[in-house]
Amino acid sequence: MRGRGIGAGLVRRARVIARDEMGLEQLRLAARGGTGLEDFYGRLGWREIGRWPGALRLAAEDDRDEILMVLTPL
């Protein structure tokens, strides 16, 4: 289902709800590194504000960074 715009549409709608219905000024998220999510969110205006190297263990000898991202202003 990748590449069809479904995820981007959901993220954009969440942004509108957060701003218009909830009155939020900022959204934050944590994403697993090594999956391309930082690029996906980056294309939607999110920026990386930090990372915890090797914070997520998926399997023996498969540790991934946890990437912290922010979207502001909404």
# chains A, B, ... in the order shown; residues from 1 in each chain; ligands from 1

call {"tool": "select_by_dssp", "arguments": {"residues": "chain A", "states": "strand (DSSP E)", "output": "number ranges by chain"}}
result
A: 27-32, 47-59, 62-71

call {"tool": "residues_around", "arguments": {"residues": "A:Gly34", "least_positions_apart": "4", "cutoff": "9 Å", "atoms": "only C-alpha atoms", "output": "PyMOL selection string"}}
result
chain A and resi 38+64-65

call {"tool": "atom_distance", "arguments": {"atom1": "atom CA of A:Glu66", "atom2": "atom CA of A:Ala8"}}
result
20.6 Å

call {"tool": "residues_around", "arguments": {"residues": "A:Glu48", "least_positions_apart": "6", "cutoff": "9 Å", "atoms": "only C-alpha atoms", "output": "list in words"}}
result
Glu38, Gly42, Ile67, Leu68, Met69 and Val70 of chain A

call {"tool": "select_by_dssp", "arguments": {"residues": "chain A", "states": "helix (DSSP H, G or I)", "output": "list in words"}}
result
Ile6, Gly7, Ala8, Gly9, Leu10, Val11, Arg12, Arg13, Ala14, Arg15, Val16, Ile17, Ala18, Arg19, Asp20, Glu21, Leu37, Glu38, Asp39, Phe40, Tyr41, Gly42 and Arg43 of chain A

call {"tool": "write_last_selection", "arguments": {"atoms": "N, CA and C atoms", "output": "compact mmCIF listing (two decimals), in the first residue's frame"}}
result
# COMPACT_ATOMS: atom_id res chain seq x y z
N ILE A 6 -1.90 7.41 1.23
CA ILE A 6 -2.83 7.18 2.34
C ILE A 6 -2.24 7.67 3.67
N GLY A 7 -0.99 7.29 3.95
CA GLY A 7 -0.34 7.71 5.19
C GLY A 7 -0.20 9.22 5.26
N ALA A 8 0.23 9.83 4.16
CA ALA A 8 0.39 11.29 4.13
C ALA A 8 -0.95 11.97 4.38
N GLY A 9 -2.01 11.45 3.79
CA GLY A 9 -3.33 12.02 4.00
C GLY A 9 -3.77 11.94 5.46
N LEU A 10 -3.48 10.82 6.09
CA LEU A 10 -3.83 10.66 7.50
C LEU A 10 -3.06 11.63 8.39
N VAL A 11 -1.77 11.79 8.10
CA VAL A 11 -0.94 12.71 8.89
C VAL A 11 -1.42 14.14 8.69
N ARG A 12 -1.74 14.51 7.46
CA ARG A 12 -2.25 15.87 7.21
C ARG A 12 -3.57 16.11 7.93
N ARG A 13 -4.44 15.12 7.93
CA ARG A 13 -5.74 15.26 8.62
C ARG A 13 -5.54 15.38 10.13
N ALA A 14 -4.62 14.59 10.67
CA ALA A 14 -4.32 14.69 12.11
C ALA A 14 -3.82 16.08 12.46
N ARG A 15 -3.02 16.66 11.57
CA ARG A 15 -2.51 18.02 11.79
C ARG A 15 -3.66 19.02 11.86
N VAL A 16 -4.61 18.92 10.95
CA VAL A 16 -5.76 19.83 10.92
C VAL A 16 -6.59 19.67 12.20
N ILE A 17 -6.85 18.45 12.60
CA ILE A 17 -7.63 18.20 13.82
C ILE A 17 -6.91 18.76 15.04
N ALA A 18 -5.60 18.50 15.12
CA ALA A 18 -4.82 18.99 16.26
C ALA A 18 -4.88 20.51 16.36
N ARG A 19 -4.78 21.18 15.23
CA ARG A 19 -4.77 22.65 15.22
C ARG A 19 -6.17 23.21 15.41
N ASP A 20 -7.11 22.80 14.56
CA ASP A 20 -8.42 23.44 14.51
C ASP A 20 -9.39 22.97 15.59
N GLU A 21 -9.35 21.70 15.93
CA GLU A 21 -10.31 21.17 16.89
C GLU A 21 -9.75 21.07 18.30
N LEU A 37 11.08 6.28 7.92
CA LEU A 37 10.04 7.13 8.48
C LEU A 37 10.49 8.57 8.65
N GLU A 38 11.77 8.78 8.98
CA GLU A 38 12.23 10.16 9.14
C GLU A 38 12.14 10.92 7.82
N ASP A 39 12.37 10.25 6.71
CA ASP A 39 12.22 10.89 5.40
C ASP A 39 10.74 11.15 5.09
N PHE A 40 9.89 10.18 5.39
CA PHE A 40 8.44 10.33 5.17
C PHE A 40 7.91 11.55 5.93
N TYR A 41 8.18 11.59 7.23
CA TYR A 41 7.70 12.72 8.04
C TYR A 41 8.38 14.02 7.63
N GLY A 42 9.64 13.98 7.26
CA GLY A 42 10.35 15.18 6.81
C GLY A 42 9.68 15.81 5.61
N ARG A 43 9.21 14.99 4.68
CA ARG A 43 8.50 15.52 3.50
C ARG A 43 7.19 16.20 3.88

call {"tool": "residues_around", "arguments": {"residues": "A:Glu25", "least_positions_apart": "3", "cutoff": "7 Å", "atoms": "only C-alpha atoms", "output": "PyMOL selection string"}}
result
chain A and resi 19+72-74

call {"tool": "closest_residue", "arguments": {"among": "A:Arg28, A:Gly36, A:Trp52, A:Glu61", "to": "A:Arg2", "atoms": "only C-alpha atoms"}}
result
A:Gly36
